[in-house]
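Structure data (mmCIF, C-alpha atoms) from upload34.cif:
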```cif
data_upload
loop_
_atom_site.label_atom_id
_atom_site.label_comp_id
_atom_site.auth_asym_id
_atom_site.auth_seq_id
_atom_site.Cartn_x
_atom_site.Cartn_y
_atom_site.Cartn_z
CA MET A 308 -142.69 -179.67 -101.57
CA PHE A 309 -145.81 -179.04 -103.66
CA ASP A 310 -149.01 -178.37 -101.73
CA PRO A 311 -152.16 -176.31 -102.45
CA LYS A 312 -150.27 -173.10 -101.60
CA THR A 313 -147.00 -173.99 -103.36
CA HIS A 314 -146.78 -173.56 -107.12
CA CYS A 315 -143.13 -172.69 -107.75
CA VAL A 316 -140.19 -174.59 -106.23
CA VAL A 317 -136.48 -174.07 -106.89
CA VAL A 318 -134.09 -177.03 -106.54
CA VAL A 319 -130.46 -176.04 -106.03
CA GLY A 320 -127.25 -177.83 -105.16
CA ALA A 321 -126.05 -176.70 -101.73
CA GLN A 322 -122.43 -177.89 -101.94
CA TRP A 323 -119.99 -178.05 -104.90
CA GLY A 324 -122.38 -179.73 -107.33
CA ASP A 325 -122.98 -183.43 -108.08
CA GLU A 326 -125.31 -183.65 -105.07
CA GLY A 327 -127.96 -185.71 -106.86
CA LYS A 328 -130.21 -182.91 -108.06
CA GLY A 329 -131.22 -184.91 -111.13
CA LYS A 330 -132.79 -187.68 -109.07
CA VAL A 331 -134.52 -185.24 -106.73
CA VAL A 332 -135.95 -183.28 -109.67
CA ASP A 333 -137.07 -186.51 -111.31
CA VAL A 334 -138.93 -187.55 -108.15
CA LEU A 335 -140.51 -184.12 -107.63
CA THR A 336 -141.55 -183.95 -111.28
CA GLU A 337 -144.16 -186.59 -110.53
CA ARG A 338 -146.10 -183.67 -109.03
CA ALA A 339 -144.89 -180.90 -111.36
CA ASP A 340 -146.39 -179.68 -114.63
CA VAL A 341 -143.40 -177.66 -115.86
CA VAL A 342 -139.65 -178.12 -115.24
CA VAL A 343 -137.27 -175.28 -116.12
CA ARG A 344 -133.48 -175.43 -116.31
CA TYR A 345 -132.43 -171.88 -115.43
CA GLN A 346 -128.60 -171.69 -115.80
CA GLY A 347 -125.43 -173.52 -116.81
CA GLY A 348 -124.72 -175.54 -119.90
CA ALA A 349 -123.41 -178.90 -121.06
CA ASN A 350 -120.81 -178.82 -118.27
CA ALA A 351 -123.46 -180.17 -115.87
CA GLY A 352 -124.47 -183.81 -115.74
CA HIS A 353 -127.60 -185.04 -113.98
CA THR A 354 -127.90 -188.81 -113.49
CA VAL A 355 -131.31 -190.46 -113.13
CA VAL A 356 -131.83 -194.22 -112.70
CA ILE A 357 -135.18 -195.71 -113.75
CA GLY A 358 -135.37 -199.42 -113.02
CA ASP A 359 -132.12 -200.82 -114.35
CA THR A 360 -131.64 -198.00 -116.86
CA GLU A 361 -129.35 -195.03 -116.24
CA PHE A 362 -129.92 -191.70 -117.97
CA ILE A 363 -127.30 -188.93 -117.91
CA LEU A 364 -128.74 -185.55 -118.88
CA HIS A 365 -126.56 -182.54 -119.61
CA GLN A 366 -128.79 -179.81 -121.01
CA ILE A 367 -132.29 -181.26 -121.14
CA PRO A 368 -134.14 -180.82 -117.82
CA SER A 369 -134.35 -183.96 -115.69
CA GLY A 370 -138.15 -183.78 -115.77
CA ILE A 371 -138.14 -185.01 -119.39
CA LEU A 372 -138.19 -188.59 -118.09
CA ARG A 373 -141.70 -188.03 -116.71
CA GLY A 374 -144.15 -188.28 -119.60
CA SER A 375 -146.52 -185.56 -118.41
CA ALA A 376 -144.05 -182.75 -117.66
CA ARG A 377 -143.28 -179.91 -120.05
CA CYS A 378 -139.60 -179.04 -119.98
CA ILE A 379 -137.97 -175.71 -120.68
CA VAL A 380 -134.37 -174.66 -121.34
CA GLY A 381 -134.48 -171.13 -119.93
CA ASN A 382 -132.84 -167.92 -121.07
CA GLY A 383 -130.16 -168.24 -118.37
CA VAL A 384 -128.77 -171.40 -119.98
CA VAL A 385 -125.97 -171.37 -122.56
CA LEU A 386 -127.00 -173.96 -125.13
CA ASP A 387 -124.58 -176.15 -127.06
CA PRO A 388 -126.83 -177.05 -130.03
CA ASP A 389 -124.65 -179.91 -131.26
CA THR A 390 -124.56 -181.84 -127.98
CA PHE A 391 -128.17 -180.87 -127.23
CA PHE A 392 -129.47 -182.73 -130.27
CA THR A 393 -127.11 -185.64 -129.66
CA GLU A 394 -128.68 -185.91 -126.20
CA LEU A 395 -132.19 -185.54 -127.61
CA ASP A 396 -131.59 -188.25 -130.23
CA GLY A 397 -130.21 -190.52 -127.51
CA LEU A 398 -133.43 -190.14 -125.52
CA ALA A 399 -135.50 -190.95 -128.62
CA GLU A 400 -133.46 -194.10 -129.22
CA ARG A 401 -134.29 -195.21 -125.67
CA GLY A 402 -138.01 -194.63 -126.10
CA VAL A 403 -138.41 -191.25 -124.39
CA ASP A 404 -141.06 -189.24 -126.24
CA THR A 405 -140.33 -185.49 -126.05
CA ALA A 406 -142.69 -184.31 -128.79
CA GLY A 407 -144.58 -181.19 -127.73
CA ARG A 408 -142.93 -181.21 -124.28
CA LEU A 409 -139.58 -179.51 -124.84
CA PHE A 410 -139.00 -175.79 -125.38
CA ILE A 411 -135.91 -173.58 -125.69
CA SER A 412 -135.78 -169.89 -124.84
CA ASP A 413 -135.26 -167.61 -127.83
CA ARG A 414 -133.06 -165.53 -125.48
CA ALA A 415 -130.66 -168.37 -124.63
CA HIS A 416 -127.08 -167.89 -125.82
CA LEU A 417 -125.38 -170.47 -128.04
CA VAL A 418 -122.14 -172.28 -127.23
CA LEU A 419 -120.26 -172.49 -130.52
CA PRO A 420 -117.03 -174.29 -131.55
CA TYR A 421 -114.87 -171.19 -131.10
CA HIS A 422 -115.98 -170.98 -127.47
CA LYS A 423 -114.59 -174.46 -126.85
CA LEU A 424 -111.26 -173.58 -128.46
CA LEU A 425 -111.01 -170.49 -126.26
CA ASP A 426 -111.94 -172.52 -123.17
CA ALA A 427 -109.21 -175.09 -123.82
CA ALA A 428 -106.58 -172.40 -124.44
CA SER A 429 -107.59 -170.50 -121.30
CA GLU A 430 -107.54 -173.61 -119.12
CA LYS A 431 -103.96 -174.34 -120.15
CA ARG A 432 -102.97 -170.95 -118.76
CA GLN A 433 -105.25 -170.57 -115.74
CA ARG A 434 -105.84 -174.14 -114.47
CA ILE A 435 -109.27 -173.58 -112.95
CA GLY A 436 -110.38 -177.15 -113.68
CA THR A 437 -113.12 -176.43 -116.21
CA THR A 438 -114.79 -179.12 -118.30
CA GLY A 439 -113.60 -177.47 -121.53
CA ARG A 440 -117.17 -177.27 -122.86
CA GLY A 441 -116.97 -173.58 -123.78
CA ILE A 442 -119.25 -172.41 -120.99
CA GLY A 443 -117.04 -169.63 -119.58
CA PRO A 444 -116.26 -167.97 -122.93
CA THR A 445 -119.96 -168.07 -123.86
CA TYR A 446 -120.96 -166.30 -120.66
CA GLU A 447 -118.12 -163.82 -121.26
CA ASP A 448 -119.57 -163.06 -124.70
CA LYS A 449 -123.04 -162.74 -123.18
CA THR A 450 -121.81 -160.21 -120.63
CA GLY A 451 -119.73 -158.44 -123.28
CA ARG A 452 -122.84 -158.10 -125.49
CA ARG A 453 -121.33 -159.99 -128.40
CA GLY A 454 -123.08 -163.33 -127.94
CA ILE A 455 -125.08 -165.27 -130.52
CA ARG A 456 -128.59 -166.08 -129.29
CA VAL A 457 -131.15 -168.60 -130.45
CA SER A 458 -133.23 -165.69 -131.74
CA ASP A 459 -130.36 -164.69 -134.04
CA VAL A 460 -130.72 -168.01 -135.83
CA LEU A 461 -134.49 -167.63 -135.81
CA HIS A 462 -134.47 -164.25 -137.51
CA ALA A 463 -131.50 -164.86 -139.81
CA GLY A 464 -132.82 -168.03 -141.40
CA GLY A 465 -129.76 -170.19 -140.76
CA LYS A 466 -127.12 -168.83 -143.18
CA GLY A 467 -128.70 -165.38 -143.46
CA SER A 468 -126.35 -162.50 -144.22
CA ALA A 469 -126.85 -160.75 -140.84
CA LEU A 470 -125.92 -163.90 -138.97
CA ARG A 471 -123.01 -164.53 -141.32
CA GLU A 472 -121.58 -161.08 -140.67
CA ARG A 473 -121.99 -161.47 -136.93
CA LEU A 474 -120.37 -164.91 -136.93
CA ALA A 475 -117.51 -163.72 -139.12
CA SER A 476 -116.75 -160.97 -136.61
CA ARG A 477 -116.88 -163.38 -133.65
CA VAL A 478 -114.73 -166.02 -135.33
CA GLU A 479 -112.14 -163.41 -136.32
CA ARG A 480 -112.02 -162.12 -132.74
CA ALA A 481 -111.71 -165.66 -131.34
CA ASN A 482 -108.80 -166.42 -133.66
CA ARG A 483 -106.97 -163.26 -132.58
CA LEU A 484 -107.41 -164.29 -128.94
CA LEU A 485 -106.22 -167.84 -129.66
CA GLU A 486 -103.08 -166.42 -131.27
CA LEU A 487 -102.46 -164.16 -128.27
CA MET A 488 -102.84 -167.12 -125.92
CA GLY A 489 -100.27 -169.10 -127.87
CA SER A 490 -102.72 -171.67 -129.23
CA THR A 491 -102.19 -173.16 -132.68
CA GLU A 492 -105.92 -173.92 -133.03
CA ARG A 493 -108.11 -171.72 -135.20
CA ALA A 494 -111.87 -171.48 -135.66
CA SER A 495 -113.48 -171.83 -139.08
CA LEU A 496 -116.33 -169.59 -140.21
CA ASP A 497 -117.56 -172.24 -142.64
CA GLN A 498 -117.71 -174.79 -139.83
CA HIS A 499 -119.95 -172.47 -137.80
CA LEU A 500 -122.21 -171.67 -140.71
CA ASP A 501 -122.54 -175.35 -141.60
CA LEU A 502 -123.37 -176.20 -137.96
CA LEU A 503 -126.21 -173.68 -137.77
CA GLU A 504 -127.46 -174.60 -141.24
CA ARG A 505 -127.61 -178.25 -140.16
CA LEU A 506 -129.15 -177.73 -136.73
CA GLY A 507 -131.14 -174.53 -137.27
CA PRO A 508 -134.17 -176.30 -138.79
CA ARG A 509 -134.31 -178.60 -135.73
CA LEU A 510 -133.72 -175.79 -133.24
CA LEU A 511 -136.30 -173.32 -134.45
CA PRO A 512 -139.47 -175.43 -133.92
CA LEU A 513 -138.53 -175.81 -130.24
CA THR A 514 -137.95 -172.08 -129.75
CA ALA A 515 -140.38 -170.02 -127.68
CA ASP A 516 -140.70 -167.05 -125.35
CA THR A 517 -140.24 -169.42 -122.44
CA GLY A 518 -140.56 -166.75 -119.75
CA LEU A 519 -144.07 -166.17 -121.02
CA LEU A 520 -144.78 -169.92 -120.96
CA VAL A 521 -143.70 -170.15 -117.30
CA HIS A 522 -145.72 -167.05 -116.41
CA GLN A 523 -148.83 -168.48 -118.08
CA ALA A 524 -148.37 -171.82 -116.31
CA LEU A 525 -148.20 -170.11 -112.91
CA ARG A 526 -151.21 -167.94 -113.72
CA ALA A 527 -153.12 -171.10 -114.58
CA GLY A 528 -152.28 -172.62 -111.17
CA GLU A 529 -149.83 -175.17 -112.56
CA ARG A 530 -146.85 -176.41 -110.54
CA VAL A 531 -143.44 -175.25 -111.77
CA LEU A 532 -140.06 -176.67 -110.78
CA LEU A 533 -136.94 -174.57 -111.43
CA GLU A 534 -133.80 -176.71 -111.76
CA GLY A 535 -130.27 -175.40 -111.32
CA ALA A 536 -126.96 -176.87 -112.38
CA GLN A 537 -123.71 -177.17 -110.40
CA GLY A 538 -123.82 -176.11 -106.72
CA ALA A 539 -123.93 -173.01 -104.55
CA LEU A 540 -120.18 -173.10 -103.82
CA LEU A 541 -119.56 -172.81 -107.58
CA ASP A 542 -121.67 -169.65 -107.87
CA LEU A 543 -119.85 -166.84 -109.65
CA ASP A 544 -120.54 -164.38 -106.79
CA HIS A 545 -120.98 -166.59 -103.75
CA GLY A 546 -118.72 -169.55 -104.52
CA THR A 547 -115.02 -170.24 -103.95
CA TYR A 548 -113.92 -167.70 -106.57
CA PRO A 549 -112.03 -168.08 -108.90
CA TYR A 550 -112.64 -171.85 -108.68
CA VAL A 551 -116.25 -171.44 -109.72
CA THR A 552 -118.46 -171.78 -112.77
CA SER A 553 -119.31 -168.80 -114.98
CA SER A 554 -122.92 -168.24 -113.93
CA ASN A 555 -124.97 -167.71 -110.79
CA THR A 556 -126.02 -171.12 -109.51
CA THR A 557 -127.84 -169.94 -106.37
CA ALA A 558 -131.60 -169.61 -106.02
CA GLY A 559 -131.56 -165.87 -106.68
CA ALA A 560 -130.67 -166.64 -110.30
CA ALA A 561 -133.67 -168.92 -110.78
CA ALA A 562 -136.12 -166.11 -111.43
CA VAL A 563 -133.74 -164.32 -113.81
CA GLY A 564 -132.81 -167.49 -115.69
CA ALA A 565 -136.42 -168.62 -116.04
CA GLY A 566 -137.81 -165.21 -117.00
CA ILE A 567 -140.16 -164.65 -114.05
CA GLY A 568 -140.24 -162.39 -111.00
CA PRO A 569 -138.75 -163.48 -107.66
CA THR A 570 -142.11 -163.17 -105.89
CA ALA A 571 -143.33 -166.16 -107.92
CA ILE A 572 -141.04 -168.53 -105.98
CA ASP A 573 -142.62 -170.27 -102.99
CA GLN A 574 -140.03 -172.80 -101.78
CA VAL A 575 -136.29 -173.45 -102.24
CA LEU A 576 -135.02 -177.01 -101.75
CA GLY A 577 -131.28 -177.50 -101.30
CA VAL A 578 -129.78 -180.86 -102.25
CA VAL A 579 -126.79 -182.08 -100.22
CA LYS A 580 -124.88 -185.31 -100.04
CA ALA A 581 -124.54 -186.98 -96.66
CA TYR A 582 -120.83 -186.26 -97.16
CA THR A 583 -119.00 -183.78 -99.46
CA THR A 584 -117.41 -183.93 -102.92
CA ARG A 585 -116.08 -181.57 -105.53
CA VAL A 586 -114.61 -181.88 -109.02
CA GLY A 587 -111.70 -179.77 -110.20
CA ASN A 588 -109.37 -177.42 -108.39
CA GLY A 589 -110.04 -175.26 -105.37
CA PRO A 590 -110.39 -175.72 -101.60
CA LEU A 591 -112.25 -178.63 -100.02
CA PRO A 592 -111.74 -178.15 -96.25
CA THR A 593 -113.18 -181.48 -95.10
CA GLU A 594 -111.45 -183.59 -97.78
CA ALA A 595 -110.87 -187.05 -96.29
CA ASP A 596 -107.50 -188.70 -95.94
CA GLU A 597 -106.77 -192.07 -97.46
CA PRO A 598 -108.12 -194.71 -97.39
CA ASN A 599 -111.43 -193.01 -96.57
CA SER A 600 -111.34 -190.74 -99.62
CA THR A 601 -111.05 -193.71 -101.98
CA ARG A 602 -113.60 -195.67 -99.98
CA LEU A 603 -116.17 -192.88 -100.29
CA ARG A 604 -115.41 -192.47 -104.01
CA GLU A 605 -115.83 -196.15 -104.78
CA ALA A 606 -118.92 -196.65 -102.60
CA GLY A 607 -120.59 -193.55 -104.03
CA GLY A 608 -119.49 -193.99 -107.66
CA GLU A 609 -117.96 -190.53 -107.44
CA PHE A 610 -116.91 -189.91 -111.01
CA GLY A 611 -118.14 -186.92 -113.01
CA ALA A 612 -121.24 -187.58 -115.11
CA THR A 613 -119.96 -185.16 -117.77
CA THR A 614 -116.20 -185.73 -117.73
CA GLY A 615 -115.69 -189.02 -115.88
CA ARG A 616 -113.15 -187.29 -113.65
CA PRO A 617 -112.81 -188.79 -110.15
CA ARG A 618 -114.38 -186.52 -107.55
CA ARG A 619 -112.52 -185.44 -104.44
CA CYS A 620 -114.35 -186.81 -101.43
CA GLY A 621 -114.66 -185.73 -97.82
CA TRP A 622 -116.95 -185.50 -94.82
CA PHE A 623 -120.09 -183.40 -94.45
CA ASP A 624 -119.15 -179.74 -94.01
CA ALA A 625 -121.83 -178.01 -91.95
CA THR A 626 -120.22 -174.59 -92.43
CA VAL A 627 -120.63 -174.91 -96.19
CA VAL A 628 -124.23 -176.07 -95.98
CA ARG A 629 -125.17 -173.44 -93.40
CA TYR A 630 -123.74 -170.83 -95.78
CA SER A 631 -125.83 -172.30 -98.61
CA VAL A 632 -128.94 -172.12 -96.46
CA ARG A 633 -128.28 -168.40 -96.03
CA VAL A 634 -127.37 -167.37 -99.58
CA ASN A 635 -130.12 -169.48 -101.17
CA GLY A 636 -132.85 -168.89 -98.59
CA LEU A 637 -133.34 -172.65 -98.34
CA THR A 638 -136.67 -173.74 -96.91
CA GLY A 639 -135.68 -177.41 -96.83
CA LEU A 640 -132.95 -179.95 -97.53
CA ALA A 641 -132.82 -183.19 -99.52
CA VAL A 642 -130.02 -185.42 -98.23
CA THR A 643 -128.73 -187.89 -100.83
CA LYS A 644 -126.44 -190.92 -100.75
CA LEU A 645 -126.96 -191.72 -97.08
CA ASP A 646 -126.41 -195.37 -98.03
CA VAL A 647 -122.78 -194.63 -99.03
CA LEU A 648 -122.00 -194.25 -95.32
CA ASP A 649 -123.55 -197.62 -94.38
CA GLY A 650 -120.20 -199.35 -93.80
CA PHE A 651 -118.46 -196.73 -91.65
CA PRO A 652 -118.21 -197.46 -87.91
CA GLU A 653 -117.62 -193.76 -87.18
CA ILE A 654 -118.45 -190.71 -89.30
CA PRO A 655 -116.73 -187.34 -88.82
CA VAL A 656 -118.82 -184.21 -89.41
CA GLY A 657 -117.19 -180.83 -89.99
CA VAL A 658 -118.82 -178.40 -87.54
CA GLY A 659 -116.55 -175.37 -87.97
CA TYR A 660 -113.07 -174.13 -88.85
CA GLU A 661 -109.99 -172.88 -87.09
CA LEU A 662 -108.39 -169.97 -88.89
CA GLY A 663 -105.39 -168.11 -87.54
CA GLY A 664 -105.82 -169.64 -84.11
CA GLU A 665 -109.46 -168.59 -83.82
CA ILE A 666 -112.65 -170.63 -84.26
CA CYS A 667 -114.59 -169.60 -87.35
CA ASP A 668 -118.14 -170.81 -87.99
CA GLU A 669 -118.71 -168.80 -91.17
CA LEU A 670 -117.27 -169.37 -94.65
CA PRO A 671 -114.34 -167.03 -95.39
CA GLY A 672 -114.82 -164.87 -98.46
CA GLN A 673 -111.25 -165.29 -99.74
CA VAL A 674 -110.29 -168.58 -101.30
CA GLU A 675 -106.78 -168.28 -99.83
CA ALA A 676 -108.26 -168.15 -96.31
CA LEU A 677 -110.53 -171.11 -96.98
CA ASP A 678 -107.51 -173.05 -98.19
CA GLN A 679 -105.81 -172.44 -94.84
CA VAL A 680 -108.63 -173.36 -92.45
CA ARG A 681 -108.37 -176.41 -90.23
CA PRO A 682 -111.74 -178.18 -90.02
CA GLN A 683 -113.13 -178.92 -86.58
CA TYR A 684 -114.83 -182.32 -86.43
CA GLU A 685 -117.46 -183.99 -84.35
CA THR A 686 -117.45 -187.77 -84.66
CA LEU A 687 -120.80 -189.54 -84.77
CA PRO A 688 -121.40 -193.31 -84.50
CA GLY A 689 -122.07 -195.15 -87.75
CA TRP A 690 -124.79 -197.76 -88.22
CA GLU A 691 -122.92 -200.45 -90.18
CA GLN A 692 -126.03 -201.91 -91.77
CA PRO A 693 -127.73 -201.35 -95.14
CA THR A 694 -130.24 -198.54 -95.50
CA GLY A 695 -131.20 -199.06 -99.16
CA GLY A 696 -134.47 -200.78 -98.26
CA ALA A 697 -135.75 -197.99 -96.02
CA ARG A 698 -138.87 -196.19 -97.23
CA ARG A 699 -139.78 -194.37 -94.00
CA MET A 700 -137.64 -192.61 -91.45
CA ALA A 701 -138.67 -195.28 -88.94
CA ASP A 702 -137.02 -197.90 -91.19
CA LEU A 703 -133.59 -196.31 -90.75
CA PRO A 704 -131.23 -197.48 -87.99
CA PRO A 705 -131.33 -195.22 -84.90
CA GLN A 706 -127.75 -194.07 -85.54
CA ALA A 707 -128.66 -193.03 -89.10
CA ARG A 708 -131.63 -191.03 -87.83
CA ALA A 709 -129.40 -189.41 -85.21
CA TYR A 710 -126.87 -188.54 -87.92
CA LEU A 711 -129.58 -186.84 -90.00
CA ASP A 712 -130.92 -185.01 -86.96
CA ARG A 713 -127.45 -183.63 -86.28
CA LEU A 714 -126.98 -182.51 -89.89
CA GLN A 715 -130.33 -180.74 -89.76
CA ASP A 716 -129.45 -178.94 -86.53
CA LEU A 717 -126.04 -177.86 -87.83
CA ALA A 718 -127.39 -176.68 -91.19
CA GLY A 719 -130.31 -174.72 -89.75
CA ALA A 720 -132.87 -176.05 -92.23
CA PRO A 721 -135.32 -178.96 -92.03
CA ILE A 722 -134.66 -182.17 -93.94
CA ARG A 723 -137.56 -182.89 -96.32
CA TYR A 724 -136.16 -185.86 -98.27
CA VAL A 725 -133.57 -188.59 -97.71
CA SER A 726 -132.22 -190.69 -100.58
CA VAL A 727 -130.84 -194.16 -99.83
CA GLY A 728 -130.04 -195.36 -103.35
CA THR A 729 -130.09 -194.52 -107.03
CA ARG A 730 -133.57 -195.83 -107.91
CA ARG A 731 -136.69 -193.68 -108.00
CA ASP A 732 -138.28 -195.57 -105.11
CA GLN A 733 -135.23 -195.22 -102.87
CA ILE A 734 -136.22 -191.91 -101.41
CA ILE A 735 -137.89 -191.08 -98.11
CA GLU A 736 -140.20 -188.09 -97.82
CA VAL A 737 -139.94 -186.72 -94.30
#
```
Could you write out this structure as structure tokens?
Amino acid sequence: MFDPKTHCVVVVGAQWGDEGKGKVVDVLTERADVVVRYQGGANAGHTVVIGDTEFILHQIPSGILRGSARCIVGNGVVLDPDTFFTELDGLAERGVDTAGRLFISDRAHLVLPYHKLLDAASEKRQRIGTTGRGIGPTYEDKTGRRGIRVSDVLHAGGKGSALRERLASRVERANRLLELMGSTERASLDQHLDLLERLGPRLLPLTADTGLLVHQALRAGERVLLEGAQGALLDLDHGTYPYVTSSNTTAGAAAVGAGIGPTAIDQVLGVVKAYTTRVGNGPLPTEADEPNSTRLREAGGEFGATTGRPRRCGWFDATVVRYSVRVNGLTGLAVTKLDVLDGFPEIPVGVGYELGGEICDELPGQVEALDQVRPQYETLPGWEQPTGGARRMADLPPQARAYLDRLQDLAGAPIRYVSVGTRRDQIIEV
């Protein structure tokens, strides 16, 4: 994706998340100077395999595993400081040197223990299928202008009186809400103060005006990769609301969450699986029947990187991906996990929907309508041979190439990369 005229690339998930963005970002980071995570929180898990070693990253950008890249947690992210440093210490224990390469926006909002209590209480009532990591309540506080930002810790000096007063107000409010929701849990002000006193000294040296850092990198001609979390169909505005995450996951949020202008973005790469999965509740029109659902799950290792929950599995949904191409302005696709389909003699592809007796080739805006659609399938021949050793398109079986050609035609965007395994070298650049 990077060439002499391309300096800023956005990588987004074009389905319901878990598409393999972490691996794609890791591969592209070989050519990038700066990697920015622009939204989401510790509810996202990006898995990267290097040799025989698996890394699961939740808040630290996937580019951290490339020694030359500078990595930024942007202002659009909600940062859980406790799990962030647990993750950072885990990388250090495995020999990953992050010194001088990792920065956190002073405008990023903090996920605190009371947010997690509120998330758990809300999930018991609403059953959205959240991870319970406090992400939604933190974004609610951000929008309600009552959030605690990294800069608040910076200027309050850990247990400073201004921060104490602000935290006391937020904890009191959270406890009133917990009581109203029928929860017996209560947040402790001392716990919050102790957390920030313990982690503040580690947090502050990493803090920067990261929007300025990205701007300066682009002005200097450096290559910048903007990395999203979750997928387009979980976007707060454009996803299957209310079964969505609490932030904008689509490419339009990349500029806002990184602190730059939209005209700085040159390319948008959408990552899709060769089939479809989602975690949690909500519609999944092309969900496969048994035994194919279990077969896809087991072959693809479809269990959440953050929660371990089994993912719901189905066939490629061209209507969903075509919608993602439109709302993200995708200039290319990266197709992952093609190898998971190696053993199938025939592979259905969802090409449209029937809704109320009429053919529908666009995604309905109401979740109730999407729940009622009947997918229309086109069945393509499988290849029934391993693809994991392919390093060029010519190495793939003819049926696999035909399958990819059909996905590309249906989606309306060119395929730029094809992944045939979990390792770094198991990716084909088209």
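You can rank A:Val342, A:Val578, A:Val318, A:Ile654 by their closest distance to Asn599 (chain A) using only C-alpha atoms, and at the top of that list sits A:Ile654.
Here, the PyMOL selection byres ((chain A and resi 595) around 10) matches Thr583, Thr584, Leu591, Pro592, Thr593, Glu594, Asp596, Glu597, Pro598, Asn599, Ser600, Thr601, Arg602, Leu603, Arg619, Cys620, Gly621, Trp622 and Pro655 of chain A.
Run against this file, the PyMOL selection byres ((chain A and resi 682) around 9) gives back Pro592, Thr593, Asp624, Gly657, Val658, Gly659, Tyr660, Glu661, Leu662, Val680, Arg681, Gln683 and Tyr684 of chain A.
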Residue selection dump (C-alpha atoms) as an mmCIF file, keeping the file's coordinate frame:
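Dumped to selection34.cif:
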```cif
data_model
loop_
_atom_site.group_PDB
_atom_site.id
_atom_site.type_symbol
_atom_site.label_atom_id
_atom_site.label_comp_id
_atom_site.auth_asym_id
_atom_site.auth_seq_id
_atom_site.Cartn_x
_atom_site.Cartn_y
_atom_site.Cartn_z
ATOM 1 C CA PRO A 592 -111.740 -178.150 -96.250
ATOM 2 C CA THR A 593 -113.180 -181.480 -95.100
ATOM 3 C CA ASP A 624 -119.150 -179.740 -94.010
ATOM 4 C CA GLY A 657 -117.190 -180.830 -89.990
ATOM 5 C CA VAL A 658 -118.820 -178.400 -87.540
ATOM 6 C CA GLY A 659 -116.550 -175.370 -87.970
ATOM 7 C CA TYR A 660 -113.070 -174.130 -88.850
ATOM 8 C CA GLU A 661 -109.990 -172.880 -87.090
ATOM 9 C CA LEU A 662 -108.390 -169.970 -88.890
ATOM 10 C CA VAL A 680 -108.630 -173.360 -92.450
ATOM 11 C CA ARG A 681 -108.370 -176.410 -90.230
ATOM 12 C CA GLN A 683 -113.130 -178.920 -86.580
ATOM 13 C CA TYR A 684 -114.830 -182.320 -86.430
#
```
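For the atom pair formed by CA of Gly577 (chain A) and CA of Glu691 (chain A), the distance is 26.8 Å, given to one decimal.
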- request: Would you list the contacts of Val634 (chain A) as a count of residues only, taking every protein, DNA or RNA residue within 8 Å and counting only C-alpha atoms, but skipping same-chain residues closer than 2 positions in sequence?
  value: 6
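Closest approach to Arg526 (chain A) from the set A:Leu485, A:Ala475, A:Ile567, A:Val403 is made by A:Ile567, with distances taken over only C-alpha atoms.
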Counting only C-alpha atoms, give me one row per residue of region 602-709 of chain A with an atom at most 12 Å from an atom of region 330-333 of chain A, showing the shortest contact pair and its distance in Å to one decimal, sorted by chain then residue number, as a Markdown table.
```
| residue | atom | partner | partner_atom | distance |
| --- | --- | --- | --- | --- |
| A:Leu640 | CA | A:Val331 | CA | 10.7 |
| A:Ala641 | CA | A:Val331 | CA | 7.7 |
| A:Val642 | CA | A:Val331 | CA | 9.6 |
| A:Thr643 | CA | A:Val331 | CA | 8.7 |
| A:Lys644 | CA | A:Lys330 | CA | 11.0 |
```
Produce a file of the selected residues containing C-alpha atoms, as a PDB file, in the coordinates of the input.
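And here's result.pdb as it stands now:
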```
ATOM      1  CA  LEU A 640    -132.950-179.950 -97.530  1.00  0.00           C
ATOM      2  CA  ALA A 641    -132.820-183.190 -99.520  1.00  0.00           C
ATOM      3  CA  VAL A 642    -130.020-185.420 -98.230  1.00  0.00           C
ATOM      4  CA  THR A 643    -128.730-187.890-100.830  1.00  0.00           C
ATOM      5  CA  LYS A 644    -126.440-190.920-100.750  1.00  0.00           C
TER       6      LYS A 644
END
```
Apply the PyMOL selection byres ((chain A and resi 393) around 12) to the displayed file and report the matching residues as a CSV table (one decimal) with C-alpha atoms, in the frame of the given file.
```
chain,number,residue,atom,x,y,z
A,349,ALA,CA,-123.4,-178.9,-121.1
A,364,LEU,CA,-128.7,-185.6,-118.9
A,365,HIS,CA,-126.6,-182.5,-119.6
A,366,GLN,CA,-128.8,-179.8,-121.0
A,367,ILE,CA,-132.3,-181.3,-121.1
A,387,ASP,CA,-124.6,-176.2,-127.1
A,388,PRO,CA,-126.8,-177.0,-130.0
A,389,ASP,CA,-124.6,-179.9,-131.3
A,390,THR,CA,-124.6,-181.8,-128.0
A,391,PHE,CA,-128.2,-180.9,-127.2
A,392,PHE,CA,-129.5,-182.7,-130.3
A,394,GLU,CA,-128.7,-185.9,-126.2
A,395,LEU,CA,-132.2,-185.5,-127.6
A,396,ASP,CA,-131.6,-188.2,-130.2
A,397,GLY,CA,-130.2,-190.5,-127.5
A,398,LEU,CA,-133.4,-190.1,-125.5
A,399,ALA,CA,-135.5,-191.0,-128.6
A,400,GLU,CA,-133.5,-194.1,-129.2
A,506,LEU,CA,-129.2,-177.7,-136.7
A,509,ARG,CA,-134.3,-178.6,-135.7
```
- request: Skip Gly327 (chain A) itself and residues of its chain fewer than 2 positions away, then list as a ChimeraX atom specification all residues within 12 Å of it, counting all atoms listed in the file.
  value: /A:318-325,329-334,351-356,363,369,534-538,577-581,583-584,607-609,611-612,641-645,724-731,734
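The interatomic distance for the pair CA of Val647 (chain A) and CA of Arg723 (chain A) works out to 19.1 Å.
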12 Å contact set for Asp448 (chain A), all atoms listed in the file, chain neighbours under 2 positions out, as JSON, numbers by chain: {"A": [385, 416, 417, 418, 419, 421, 422, 425, 441, 442, 443, 444, 445, 446, 450, 451, 452, 453, 454, 455, 456, 477, 480, 481, 553]}
